[in-house]
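S.K.: File input31.csv below, CSV, C-alpha atoms:
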```csv
chain,number,residue,atom,x,y,z
H,871,MET,CA,0.0,0.0,0.0
H,872,ALA,CA,1.4,3.3,-1.1
H,873,ALA,CA,0.4,5.1,2.2
H,874,THR,CA,2.5,2.6,4.2
H,875,ALA,CA,5.5,3.3,2.1
H,876,LEU,CA,5.0,7.0,2.6
H,877,LYS,CA,4.6,6.5,6.4
H,878,GLU,CA,7.9,4.6,6.4
H,879,GLN,CA,9.6,7.4,4.6
H,880,LEU,CA,8.2,9.9,7.0
H,881,ASN,CA,9.3,8.0,10.0
H,882,GLY,CA,12.7,7.5,8.5
H,883,LEU,CA,13.0,11.2,7.9
H,884,VAL,CA,11.9,12.2,11.4
H,885,ASN,CA,14.2,9.6,13.0
H,886,SER,CA,17.1,10.8,11.1
H,887,MET,CA,16.4,14.4,12.2
H,888,PHE,CA,16.4,13.2,15.8
H,889,ALA,CA,19.6,11.3,15.2
H,890,GLU,CA,21.3,14.3,13.7
H,891,GLY,CA,20.3,16.6,16.5
H,892,LEU,CA,18.0,18.7,14.3
H,893,LEU,CA,15.1,17.8,16.6
H,894,ASP,CA,14.9,17.0,20.3
H,895,GLU,CA,12.3,15.3,22.6
H,896,GLN,CA,10.1,18.5,22.5
H,897,PHE,CA,9.2,17.6,18.9
H,898,GLN,CA,7.9,14.2,20.3
H,899,GLN,CA,5.7,16.2,22.7
H,900,LEU,CA,4.2,18.0,19.6
H,901,GLN,CA,3.6,14.6,17.9
H,902,MET,CA,1.8,13.4,21.0
H,903,LEU,CA,-0.5,16.4,20.9
H,904,GLN,CA,-1.6,15.5,17.3
H,905,ASP,CA,-4.5,13.1,17.1
H,906,GLY,CA,-7.7,12.4,15.2
H,907,SER,CA,-9.3,15.6,16.4
H,908,ASN,CA,-6.2,17.7,15.6
H,909,PRO,CA,-4.6,16.0,12.6
H,910,GLY,CA,-2.9,19.2,11.4
H,911,PHE,CA,-1.3,20.3,14.7
H,912,VAL,CA,2.3,19.5,13.9
H,913,ALA,CA,2.0,21.1,10.5
H,914,GLU,CA,0.4,24.2,12.0
H,915,VAL,CA,3.1,24.6,14.6
H,916,VAL,CA,6.0,23.9,12.1
H,917,THR,CA,4.6,26.3,9.6
H,918,LEU,CA,4.2,29.0,12.2
H,919,PHE,CA,7.7,28.4,13.5
H,920,CYS,CA,9.1,28.9,10.0
H,921,GLU,CA,7.2,32.1,9.3
H,922,ASP,CA,8.2,33.5,12.7
H,923,SER,CA,11.8,32.5,12.3
H,924,GLU,CA,12.1,34.0,8.8
H,925,ARG,CA,10.6,37.3,10.1
H,926,ILE,CA,13.2,37.3,13.0
H,927,LEU,CA,16.1,36.4,10.7
H,928,THR,CA,15.2,39.3,8.4
H,929,GLU,CA,15.2,41.7,11.3
H,930,LEU,CA,18.4,40.4,12.7
H,931,THR,CA,20.1,40.8,9.4
H,932,LYS,CA,19.0,44.4,9.2
H,933,LEU,CA,20.1,45.1,12.8
H,934,MET,CA,23.5,43.5,12.2
H,935,ASP,CA,24.0,45.6,9.1
H,936,GLN,CA,23.9,48.8,11.1
H,937,ALA,CA,27.2,50.6,11.7
H,938,LEU,CA,26.4,50.8,15.3
H,939,VAL,CA,24.7,47.6,16.4
H,940,ASP,CA,21.9,47.8,19.0
H,941,TYR,CA,22.7,44.7,21.0
H,942,SER,CA,19.7,44.9,23.2
H,943,LYS,CA,17.4,44.8,20.2
H,944,VAL,CA,19.4,42.0,18.7
H,945,ASP,CA,19.3,40.0,21.9
H,946,ALA,CA,15.5,40.5,22.2
H,947,TYR,CA,15.0,38.9,18.8
H,948,VAL,CA,17.4,36.1,19.4
H,949,HIS,CA,15.6,35.4,22.7
H,950,GLN,CA,12.4,35.2,20.8
H,951,LEU,CA,13.9,32.8,18.3
H,952,LYS,CA,15.5,30.7,21.0
H,953,GLY,CA,12.0,30.5,22.7
H,954,SER,CA,10.2,29.3,19.6
H,955,SER,CA,12.9,26.9,18.5
H,956,SER,CA,12.8,25.4,22.0
H,957,SER,CA,9.0,25.1,21.9
H,958,VAL,CA,9.1,23.3,18.6
H,959,GLY,CA,12.1,21.0,19.4
H,960,ALA,CA,14.4,22.6,16.9
H,961,GLN,CA,17.5,21.7,18.9
H,962,ASN,CA,20.4,23.0,16.6
H,963,VAL,CA,18.7,26.3,16.0
H,964,LYS,CA,18.1,26.7,19.8
H,965,LEU,CA,21.8,25.9,20.5
H,966,ALA,CA,22.9,28.4,17.9
H,967,CYS,CA,20.7,31.0,19.5
H,968,ILE,CA,22.3,30.4,22.9
H,969,GLN,CA,25.7,30.9,21.4
H,970,PHE,CA,24.5,34.1,19.7
H,971,ARG,CA,23.2,35.5,23.0
H,972,GLN,CA,26.6,35.0,24.5
H,973,PHE,CA,28.2,37.2,21.8
H,974,CYS,CA,25.4,39.8,22.3
H,975,GLU,CA,26.2,40.0,26.0
H,976,GLU,CA,29.8,40.7,25.1
H,977,ASN,CA,28.8,43.2,22.5
H,978,ASN,CA,31.1,41.2,20.2
H,979,LYS,CA,30.1,42.3,16.6
H,980,GLU,CA,32.3,39.7,14.8
H,981,GLY,CA,31.0,36.9,17.0
H,982,CYS,CA,27.4,38.0,16.4
H,983,VAL,CA,27.9,38.1,12.7
H,984,ARG,CA,29.2,34.6,12.7
H,985,ALA,CA,26.6,33.4,15.1
H,986,LEU,CA,23.8,34.8,12.9
H,987,ASN,CA,25.2,32.9,10.0
H,988,VAL,CA,25.2,29.7,12.0
H,989,VAL,CA,21.6,30.3,13.1
H,990,LYS,CA,20.6,30.9,9.5
H,991,HIS,CA,22.5,27.8,8.3
H,992,GLU,CA,20.8,25.6,11.0
H,993,TYR,CA,17.4,27.1,10.3
H,994,TYR,CA,17.5,26.6,6.5
H,995,ARG,CA,18.8,23.1,7.0
H,996,LEU,CA,15.9,22.3,9.3
H,997,ARG,CA,13.4,24.1,7.1
H,998,SER,CA,14.1,22.0,4.1
H,999,LYS,CA,13.6,18.8,6.1
H,1000,PHE,CA,10.4,20.3,7.6
H,1001,GLU,CA,9.2,20.9,4.0
H,1002,THR,CA,9.7,17.3,3.0
H,1003,MET,CA,8.0,16.2,6.3
H,1004,LEU,CA,4.9,18.3,5.6
H,1005,GLN,CA,4.7,17.2,2.0
H,1006,LEU,CA,4.8,13.5,3.1
H,1007,GLU,CA,2.2,14.2,5.8
H,1008,SER,CA,-0.2,15.8,3.4
H,1009,ARG,CA,0.3,13.0,0.8
H,1010,ILE,CA,-0.4,10.5,3.5
H,1011,GLN,CA,-3.4,12.5,4.6
H,1012,ALA,CA,-4.7,12.6,1.0
H,1013,TYR,CA,-4.4,8.8,0.7
H,1014,GLU,CA,-6.3,8.3,4.0
H,1015,ASN,CA,-9.0,10.7,2.9
H,1016,LYS,CA,-9.4,8.7,-0.3
H,1017,GLN,CA,-9.7,5.5,1.6
H,1018,GLN,CA,-12.6,6.9,3.5
H,1019,ASN,CA,-14.5,7.9,0.4
F,971,MET,CA,-30.4,27.8,35.9
F,972,ALA,CA,-28.9,25.2,33.5
F,973,VAL,CA,-25.9,23.4,34.9
F,974,ALA,CA,-23.5,21.5,32.8
F,975,THR,CA,-23.3,17.8,33.7
F,976,GLU,CA,-19.5,17.9,33.7
F,977,THR,CA,-17.9,21.2,34.7
F,978,GLN,CA,-14.7,21.9,32.9
F,979,PHE,CA,-12.2,24.1,34.6
F,980,HIS,CA,-11.3,27.2,32.8
F,981,VAL,CA,-7.7,28.4,32.4
F,982,LEU,CA,-6.6,31.8,31.2
F,983,ALA,CA,-3.2,31.5,29.4
F,984,VAL,CA,-1.1,34.6,28.9
F,985,ASP,CA,1.9,34.6,26.4
F,986,ASP,CA,3.1,37.1,23.9
F,987,SER,CA,4.4,34.4,21.6
F,988,LEU,CA,1.8,33.1,19.2
F,989,LEU,CA,3.5,29.8,18.9
F,990,ASP,CA,3.6,29.3,22.6
F,991,ARG,CA,-0.1,30.3,22.9
F,992,MET,CA,-0.9,27.6,20.3
F,993,LEU,CA,1.1,25.1,22.3
F,994,ILE,CA,-0.3,25.9,25.7
F,995,GLU,CA,-3.8,25.9,24.3
F,996,ARG,CA,-3.4,22.4,22.8
F,997,LEU,CA,-1.8,21.1,26.0
F,998,LEU,CA,-4.6,22.5,28.1
F,999,LYS,CA,-7.4,21.3,25.8
F,1000,THR,CA,-5.8,17.8,25.6
F,1001,SER,CA,-6.0,17.8,29.4
F,1002,SER,CA,-9.7,18.7,29.2
F,1003,TYR,CA,-9.5,22.3,30.3
F,1004,GLN,CA,-11.5,25.2,28.7
F,1005,VAL,CA,-9.0,27.7,27.5
F,1006,THR,CA,-8.8,31.4,26.8
F,1007,THR,CA,-5.5,32.8,25.5
F,1008,VAL,CA,-4.4,36.4,25.5
F,1009,ASP,CA,-1.2,38.0,24.3
F,1010,SER,CA,-0.5,40.4,27.1
F,1011,GLY,CA,-0.9,41.1,30.8
F,1012,SER,CA,-3.1,44.1,30.2
F,1013,LYS,CA,-5.5,42.0,28.1
F,1014,ALA,CA,-5.5,39.4,30.9
F,1015,LEU,CA,-6.5,42.1,33.4
F,1016,GLN,CA,-9.2,43.4,31.1
F,1017,ILE,CA,-10.7,39.9,30.9
F,1018,LEU,CA,-10.5,39.5,34.6
F,1019,GLY,CA,-12.3,42.8,35.2
F,1020,LEU,CA,-9.4,44.9,36.3
F,1021,GLN,CA,-8.5,47.8,34.0
F,1022,ASP,CA,-5.9,50.5,34.5
F,1023,ASP,CA,-8.2,53.0,32.9
F,1024,GLN,CA,-11.9,53.0,33.6
F,1025,THR,CA,-13.0,52.9,29.9
F,1026,ASN,CA,-15.5,50.1,29.5
F,1027,SER,CA,-14.8,48.6,26.2
F,1028,PRO,CA,-16.9,45.5,25.6
F,1029,PHE,CA,-15.1,43.2,23.3
F,1030,VAL,CA,-17.5,40.5,22.8
F,1031,SER,CA,-21.2,40.6,22.0
F,1032,SER,CA,-23.6,41.0,24.9
F,1033,ASP,CA,-25.2,37.6,24.7
F,1034,GLN,CA,-22.1,35.8,26.0
F,1035,HIS,CA,-22.4,34.7,29.6
F,1036,ASP,CA,-19.7,35.2,32.1
F,1037,VAL,CA,-17.4,32.3,32.8
F,1038,GLU,CA,-15.1,32.1,35.8
F,1039,VAL,CA,-11.4,31.7,35.6
F,1040,ASN,CA,-10.1,28.8,37.7
F,1041,LEU,CA,-6.4,29.3,37.0
F,1042,ILE,CA,-4.1,31.7,35.3
F,1043,ILE,CA,-0.9,30.5,33.6
F,1044,THR,CA,1.4,33.2,32.3
F,1045,ASP,CA,4.7,33.6,30.6
F,1046,TYR,CA,7.3,35.6,32.6
F,1047,CYS,CA,9.1,37.5,29.9
F,1048,MET,CA,6.6,39.7,28.2
F,1049,PRO,CA,7.0,43.3,26.9
F,1050,GLU,CA,5.3,46.1,28.9
F,1051,MET,CA,3.9,43.9,31.7
F,1052,THR,CA,5.9,40.9,32.8
F,1053,GLY,CA,4.3,37.8,34.2
F,1054,TYR,CA,5.6,38.9,37.6
F,1055,ASP,CA,3.9,42.3,37.2
F,1056,LEU,CA,0.7,40.6,36.3
F,1057,LEU,CA,1.0,38.2,39.3
F,1058,LYS,CA,1.4,41.2,41.6
F,1059,LYS,CA,-1.7,43.0,40.2
F,1060,ILE,CA,-3.7,39.8,40.7
F,1061,LYS,CA,-2.6,39.3,44.2
F,1062,GLU,CA,-3.2,42.9,45.1
F,1063,SER,CA,-6.8,42.6,43.9
F,1064,SER,CA,-9.3,41.5,46.6
F,1065,SER,CA,-11.5,40.0,43.9
F,1066,LEU,CA,-8.8,38.1,42.1
F,1067,LYS,CA,-6.2,37.2,44.7
F,1068,ASP,CA,-7.5,33.7,45.2
F,1069,ILE,CA,-7.2,32.6,41.6
F,1070,PRO,CA,-4.1,30.4,41.4
F,1071,VAL,CA,-1.4,31.7,39.2
F,1072,VAL,CA,1.4,29.6,37.5
F,1073,ILE,CA,4.4,31.3,35.9
F,1074,MET,CA,6.2,29.9,32.9
F,1075,SER,CA,9.7,30.8,31.8
F,1076,SER,CA,12.3,29.6,29.3
F,1077,GLU,CA,15.0,30.6,31.7
F,1078,ASN,CA,15.9,28.8,34.9
F,1079,VAL,CA,16.8,31.7,37.1
F,1080,PRO,CA,16.4,30.8,40.8
F,1081,SER,CA,16.1,34.4,42.0
F,1082,ARG,CA,13.3,34.9,39.5
F,1083,ILE,CA,11.6,31.7,40.5
F,1084,ASN,CA,11.8,32.6,44.2
F,1085,ARG,CA,10.5,36.1,43.6
F,1086,CYS,CA,7.4,34.7,41.9
F,1087,LEU,CA,6.8,32.1,44.5
F,1088,GLU,CA,7.1,34.7,47.3
F,1089,GLU,CA,4.7,36.9,45.5
F,1090,GLY,CA,2.1,34.1,45.6
F,1091,ALA,CA,2.6,32.1,42.4
F,1092,GLU,CA,1.6,28.5,43.0
F,1093,GLU,CA,4.2,27.1,40.7
F,1094,PHE,CA,6.9,27.8,38.2
F,1095,PHE,CA,7.0,25.8,34.9
F,1096,LEU,CA,10.2,25.7,32.9
F,1097,LYS,CA,9.4,26.0,29.2
F,1098,PRO,CA,8.8,24.2,27.0
F,1099,VAL,CA,5.8,23.1,29.0
F,1100,GLN,CA,5.0,19.4,28.7
F,1101,LEU,CA,1.9,17.4,28.9
F,1102,SER,CA,3.0,16.0,32.2
F,1103,ASP,CA,3.1,19.5,33.6
F,1104,MET,CA,-0.7,19.7,33.1
F,1105,ASN,CA,-1.2,17.2,35.9
F,1106,ARG,CA,0.3,19.7,38.3
F,1107,LEU,CA,-2.5,22.2,37.7
F,1108,LYS,CA,-5.5,20.4,39.2
F,1109,PRO,CA,-4.4,20.6,42.9
F,1110,HIS,CA,-4.0,24.4,42.6
F,1111,ILE,CA,-7.4,24.8,41.0
F,1112,LEU,CA,-9.1,22.7,43.7
F,1113,LYS,CA,-7.3,24.7,46.4
F,1114,GLY,CA,-8.6,27.9,44.8
F,1115,LYS,CA,-12.1,26.5,44.6
F,1116,TYR,CA,-12.0,25.5,48.3
F,1117,LYS,CA,-10.9,29.0,49.3
F,1118,GLU,CA,-13.7,30.5,47.2
F,1119,GLN,CA,-16.3,28.2,48.6
F,1120,HIS,CA,-15.0,28.9,52.1
F,1121,GLN,CA,-15.4,32.6,51.5
F,1122,GLN,CA,-18.8,32.2,50.0
F,1123,GLN,CA,-19.8,30.4,53.2
F,1124,VAL,CA,-18.4,33.3,55.3
F,1125,LEU,CA,-20.3,35.8,53.2
F,1126,GLN,CA,-23.6,33.8,53.5
F,1127,ASP,CA,-23.1,33.5,57.2
F,1128,ASP,CA,-22.6,37.2,57.6
F,1129,SER,CA,-25.5,37.9,55.3
F,1130,ILE,CA,-23.6,40.6,53.3
F,1131,THR,CA,-25.9,41.9,50.5
F,1132,SER,CA,-23.2,43.2,48.2
F,1133,SER,CA,-21.4,39.9,47.8
F,1134,ASN,CA,-19.2,41.0,44.9
F,1135,LYS,CA,-16.4,42.2,47.0
F,1136,ASN,CA,-14.4,39.1,47.7
F,1137,SER,CA,-15.7,36.7,45.1
F,1138,ASN,CA,-13.4,35.7,42.3
F,1139,LYS,CA,-16.5,34.5,40.4
F,1140,ARG,CA,-17.8,36.5,37.5
F,1141,LYS,CA,-21.4,35.3,37.4
F,1142,ALA,CA,-24.1,37.0,35.4
F,1143,MET,CA,-26.7,38.1,37.9
F,1144,ASP,CA,-29.7,39.7,36.4
F,1145,ASP,CA,-30.4,42.5,38.8
F,1146,GLU,CA,-27.1,43.1,40.4
F,1147,ILE,CA,-25.0,45.8,38.8
F,1148,SER,CA,-21.6,46.4,40.2
F,1149,PRO,CA,-20.7,50.0,39.8
F,1150,GLU,CA,-17.0,49.9,40.3
F,1151,MET,CA,-16.2,46.8,38.3
F,1152,THR,CA,-16.4,46.1,34.7
F,1153,ARG,CA,-18.1,42.9,33.7
F,1154,PRO,CA,-15.7,40.7,31.8
F,1155,ARG,CA,-17.3,38.5,29.3
F,1156,LEU,CA,-15.6,35.3,28.5
F,1157,THR,CA,-16.2,32.5,26.2
F,1158,SER,CA,-14.2,29.4,26.2
F,1159,SER,CA,-11.4,29.3,23.6
F,1160,LEU,CA,-11.6,32.9,22.8
F,1161,THR,CA,-8.3,34.3,21.7
F,1162,VAL,CA,-8.0,38.0,22.1
F,1163,LEU,CA,-5.3,39.4,19.9
```
How would this structure read if it were set down as structure tokens?

M.R.:
Amino acid sequence: MAATALKEQLNGLVNSMFAEGLLDEQFQQLQMLQDGSNPGFVAEVVTLFCEDSERILTELTKLMDQALVDYSKVDAYVHQLKGSSSSVGAQNVKLACIQFRQFCEENNKEGCVRALNVVKHEYYRLRSKFETMLQLESRIQAYENKQQN
Amino acid sequence: MAVATETQFHVLAVDDSLLDRMLIERLLKTSSYQVTTVDSGSKALQILGLQDDQTNSPFVSSDQHDVEVNLIITDYCMPEMTGYDLLKKIKESSSLKDIPVVIMSSENVPSRINRCLEEGAEEFFLKPVQLSDMNRLKPHILKGKYKEQHQQQVLQDDSITSSNKNSNKRKAMDDEISPEMTRPRLTSSLTVL
């Protein structure tokens, strides 16, 4: 059955993300909150996380481009991103944010520039896997809807 | 008066992060609570009937009935009014002080935690909040209900006619108008943005 193959693919993908440290146990908590009455919960949260993160990364890029960097503003955004990545289980992004905040505290411009690049790198790496994940989920959902008709 | 066969407890969740509001709402609903989420301390106070300014701004239609809040769970780090500030305002209010308050924070700062507990918070949850944390809420809600019932008893015994002073209930009473308080109207699962 095609849906089974897709489910195996999805499980494989998610497991590899855990193994690589892209995701942590918090993501499992999200999976536990998804059920028959809320089939789209993980997709909703992941989508929101991505939108939010991209908004924050755009602001951070602007702030870091300033001649005189406002570290308190930068820190506030990184704090937000750290919070949402923690809530979603985006481990590597969260860790990169923690590093970034250290550099903010030291008002270390070079450190912050590098840290922002690491955060971006980790985020985009995660996003592309999330995209695959959501595509697989919606294909599986489509199969299961067909089954019922 | 119609009474629901199974009373659900009602939690007011306060967090400036949309993602975290989504999460806490799902956690609470999965644990069979009715939920209202708001994005700031000032909105929370509005809902609870305490407003800094006295402008009465009804934000839902008048046919909604009042629902009481059995527990408030709030993020600590919020712009303008922190969770701690909100906690203080609640504990300073004679009408709200018995509603149990739980604080959430992504940061494990002992001095922060102690400050909140000293101010009267029941508990401190480290974010991200988990399903298992939801089991820790019921005892606080029941304690709050006990306090409330005890006070109601005292009021009845003293036969005080204006019983709206110490009650943390917001019940719609047909002929009783409270001049100094606004009447917060709540529906379950209302998200005020």

S.K.: Please provide as a list in words all residues within 7 Å of segment 904-920 of chain H, with the sequence filter that same-chain residues fewer than 3 positions apart are discarded (counting all atoms listed in the file).

M.R.: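 Contacts, in chain order: Leu900, Gln901, Ser923, Glu924, Ser954 and Leu1004 of chain H; Leu989 of chain F.
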
S.K.: Just give me the gap between atom CA of Ala985 of chain H and atom CA of Arg991 of chain F in Å, one decimal is fine.

M.R.: 28.0 Å

S.K.: Pull out every residue of chain F sitting within 12 Å of chain H, counting all atoms listed in the file, and send them as an NGL selection string.

M.R.: :F and (985-1001 or 1045 or 1047-1049 or 1074-1077 or 1096-1103)

S.K.: Excluding Tyr1013 of chain H and residues on its chain fewer than 5 positions from it, collect all residues at most 12 Å away from it, counting all atoms listed in the file, and give them as a PyMOL selection string.

M.R.: chain H and resi 871-877+1006-1008+1018-1019

S.K.: Would you pick out the contacts of Pro1109 of chain F at 10 Å or less, using all atoms listed in the file, so that residues sharing its chain but fewer than 6 positions from it are not included, and give the list as a list in words?

M.R.: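 After dropping sequence-adjacent residues, the list is Pro1070, Glu1092 and Lys1115 of chain F.
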
S.K.: So what do you get for atom CA of Gln879 of chain H versus atom CA of Gln961 of chain H, distance-wise?

M.R.: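 About the pair atom CA of Gln879 of chain H and atom CA of Gln961 of chain H: they are 21.7 Å apart.
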
S.K.: Can you tell me how far atom CA of Leu883 of chain H sits from atom CA of Gln898 of chain H, in Å to one decimal?

M.R.: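 Straight-line distance from atom CA of Leu883 of chain H to atom CA of Gln898 of chain H works out to 13.7 Å.
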
S.K.: At most 6 Å from (-10.9, 21.7, 30.3), file frame, all atoms listed in the file: which residues, as an MDAnalysis selection string?

M.R.: chainID F and resid 978:979 999 1002:1004

S.K.: May I ask which of the residues H:Ala960, H:Val988, H:Arg997, H:Ala946 is the closest one to Cys974 of chain H, counting all atoms listed in the file?

M.R.: H:Ala946

S.K.: Could you check the closest approach to Leu927 of chain H for each of H:Ser886, H:Phe973, H:Cys967, H:Asn978 and tell me which residue wins, using all atoms listed in the file?

M.R.: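 Counting all atoms listed in the file, the residue closest to Leu927 of chain H is H:Cys967.
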
S.K.: Because some atoms of segment 975-984 of chain H are absent here, can you restore all heavy atoms and send them as a PDB file, in the coordinates of the input?

M.R.:
```
ATOM      1  N   GLU H 975      25.822  39.542  24.613  1.00  0.00           N
ATOM      2  CA  GLU H 975      26.200  40.000  26.000  1.00  0.00           C
ATOM      3  C   GLU H 975      27.525  40.672  25.985  1.00  0.00           C
ATOM      4  O   GLU H 975      27.758  41.632  26.710  1.00  0.00           O
ATOM      5  CB  GLU H 975      26.179  38.815  26.919  1.00  0.00           C
ATOM      6  CG  GLU H 975      25.093  38.856  27.965  1.00  0.00           C
ATOM      7  CD  GLU H 975      25.097  37.600  28.827  1.00  0.00           C
ATOM      8  OE1 GLU H 975      25.875  37.546  29.800  1.00  0.00           O
ATOM      9  OE2 GLU H 975      24.333  36.675  28.490  1.00  0.00           O
ATOM     10  N   GLU H 976      28.439  40.115  25.163  1.00  0.00           N
ATOM     11  CA  GLU H 976      29.800  40.700  25.100  1.00  0.00           C
ATOM     12  C   GLU H 976      29.913  41.835  24.148  1.00  0.00           C
ATOM     13  O   GLU H 976      30.993  42.396  23.982  1.00  0.00           O
ATOM     14  CB  GLU H 976      30.777  39.568  24.665  1.00  0.00           C
ATOM     15  CG  GLU H 976      30.849  38.377  25.612  1.00  0.00           C
ATOM     16  CD  GLU H 976      31.474  37.149  24.930  1.00  0.00           C
ATOM     17  OE1 GLU H 976      32.059  37.299  23.836  1.00  0.00           O
ATOM     18  OE2 GLU H 976      31.341  36.044  25.487  1.00  0.00           O
ATOM     19  N   ASN H 977      28.803  42.160  23.499  1.00  0.00           N
ATOM     20  CA  ASN H 977      28.800  43.200  22.500  1.00  0.00           C
ATOM     21  C   ASN H 977      29.883  42.906  21.401  1.00  0.00           C
ATOM     22  O   ASN H 977      30.549  43.815  20.891  1.00  0.00           O
ATOM     23  CB  ASN H 977      29.047  44.603  23.052  1.00  0.00           C
ATOM     24  CG  ASN H 977      27.827  45.118  23.792  1.00  0.00           C
ATOM     25  OD1 ASN H 977      26.858  44.387  23.993  1.00  0.00           O
ATOM     26  ND2 ASN H 977      27.855  46.354  24.190  1.00  0.00           N
ATOM     27  N   ASN H 978      30.015  41.641  21.098  1.00  0.00           N
ATOM     28  CA  ASN H 978      31.100  41.200  20.200  1.00  0.00           C
ATOM     29  C   ASN H 978      30.486  41.145  18.755  1.00  0.00           C
ATOM     30  O   ASN H 978      29.792  40.203  18.379  1.00  0.00           O
ATOM     31  CB  ASN H 978      31.511  39.791  20.633  1.00  0.00           C
ATOM     32  CG  ASN H 978      32.580  39.197  19.745  1.00  0.00           C
ATOM     33  OD1 ASN H 978      32.769  39.608  18.602  1.00  0.00           O
ATOM     34  ND2 ASN H 978      33.278  38.197  20.281  1.00  0.00           N
ATOM     35  N   LYS H 979      30.771  42.165  17.952  1.00  0.00           N
ATOM     36  CA  LYS H 979      30.100  42.300  16.600  1.00  0.00           C
ATOM     37  C   LYS H 979      30.530  41.098  15.730  1.00  0.00           C
ATOM     38  O   LYS H 979      29.674  40.484  15.098  1.00  0.00           O
ATOM     39  CB  LYS H 979      30.510  43.579  15.943  1.00  0.00           C
ATOM     40  CG  LYS H 979      29.869  43.678  14.558  1.00  0.00           C
ATOM     41  CD  LYS H 979      29.589  45.081  14.103  1.00  0.00           C
ATOM     42  CE  LYS H 979      28.748  45.047  12.825  1.00  0.00           C
ATOM     43  NZ  LYS H 979      28.547  46.358  12.231  1.00  0.00           N
ATOM     44  N   GLU H 980      31.815  40.794  15.702  1.00  0.00           N
ATOM     45  CA  GLU H 980      32.300  39.700  14.800  1.00  0.00           C
ATOM     46  C   GLU H 980      31.633  38.392  15.215  1.00  0.00           C
ATOM     47  O   GLU H 980      31.164  37.617  14.373  1.00  0.00           O
ATOM     48  CB  GLU H 980      33.785  39.602  14.905  1.00  0.00           C
ATOM     49  CG  GLU H 980      34.434  39.049  13.655  1.00  0.00           C
ATOM     50  CD  GLU H 980      35.891  38.704  13.919  1.00  0.00           C
ATOM     51  OE1 GLU H 980      36.704  39.659  14.000  1.00  0.00           O
ATOM     52  OE2 GLU H 980      36.199  37.500  14.064  1.00  0.00           O
ATOM     53  N   GLY H 981      31.616  38.161  16.518  1.00  0.00           N
ATOM     54  CA  GLY H 981      31.000  36.900  17.000  1.00  0.00           C
ATOM     55  C   GLY H 981      29.522  36.867  16.672  1.00  0.00           C
ATOM     56  O   GLY H 981      29.016  35.814  16.277  1.00  0.00           O
ATOM     57  N   CYS H 982      28.842  38.010  16.777  1.00  0.00           N
ATOM     58  CA  CYS H 982      27.400  38.000  16.400  1.00  0.00           C
ATOM     59  C   CYS H 982      27.175  37.777  14.969  1.00  0.00           C
ATOM     60  O   CYS H 982      26.238  37.058  14.607  1.00  0.00           O
ATOM     61  CB  CYS H 982      26.817  39.406  16.814  1.00  0.00           C
ATOM     62  SG  CYS H 982      26.519  39.587  18.578  1.00  0.00           S
ATOM     63  N   VAL H 983      28.018  38.365  14.130  1.00  0.00           N
ATOM     64  CA  VAL H 983      27.900  38.100  12.700  1.00  0.00           C
ATOM     65  C   VAL H 983      28.007  36.661  12.356  1.00  0.00           C
ATOM     66  O   VAL H 983      27.201  36.079  11.627  1.00  0.00           O
ATOM     67  CB  VAL H 983      28.887  38.989  11.884  1.00  0.00           C
ATOM     68  CG1 VAL H 983      28.916  38.574  10.424  1.00  0.00           C
ATOM     69  CG2 VAL H 983      28.563  40.470  12.004  1.00  0.00           C
ATOM     70  N   ARG H 984      29.028  36.051  12.956  1.00  0.00           N
ATOM     71  CA  ARG H 984      29.200  34.600  12.700  1.00  0.00           C
ATOM     72  C   ARG H 984      28.080  33.805  13.281  1.00  0.00           C
ATOM     73  O   ARG H 984      27.579  32.882  12.638  1.00  0.00           O
ATOM     74  CB  ARG H 984      30.557  34.162  13.364  1.00  0.00           C
ATOM     75  CG  ARG H 984      31.781  34.396  12.473  1.00  0.00           C
ATOM     76  CD  ARG H 984      33.048  33.780  13.054  1.00  0.00           C
ATOM     77  NE  ARG H 984      33.605  34.575  14.144  1.00  0.00           N
ATOM     78  CZ  ARG H 984      33.850  34.113  15.369  1.00  0.00           C
ATOM     79  NH1 ARG H 984      33.584  32.856  15.669  1.00  0.00           N
ATOM     80  NH2 ARG H 984      34.367  34.887  16.301  1.00  0.00           N
TER      81      ARG H 984
END
```
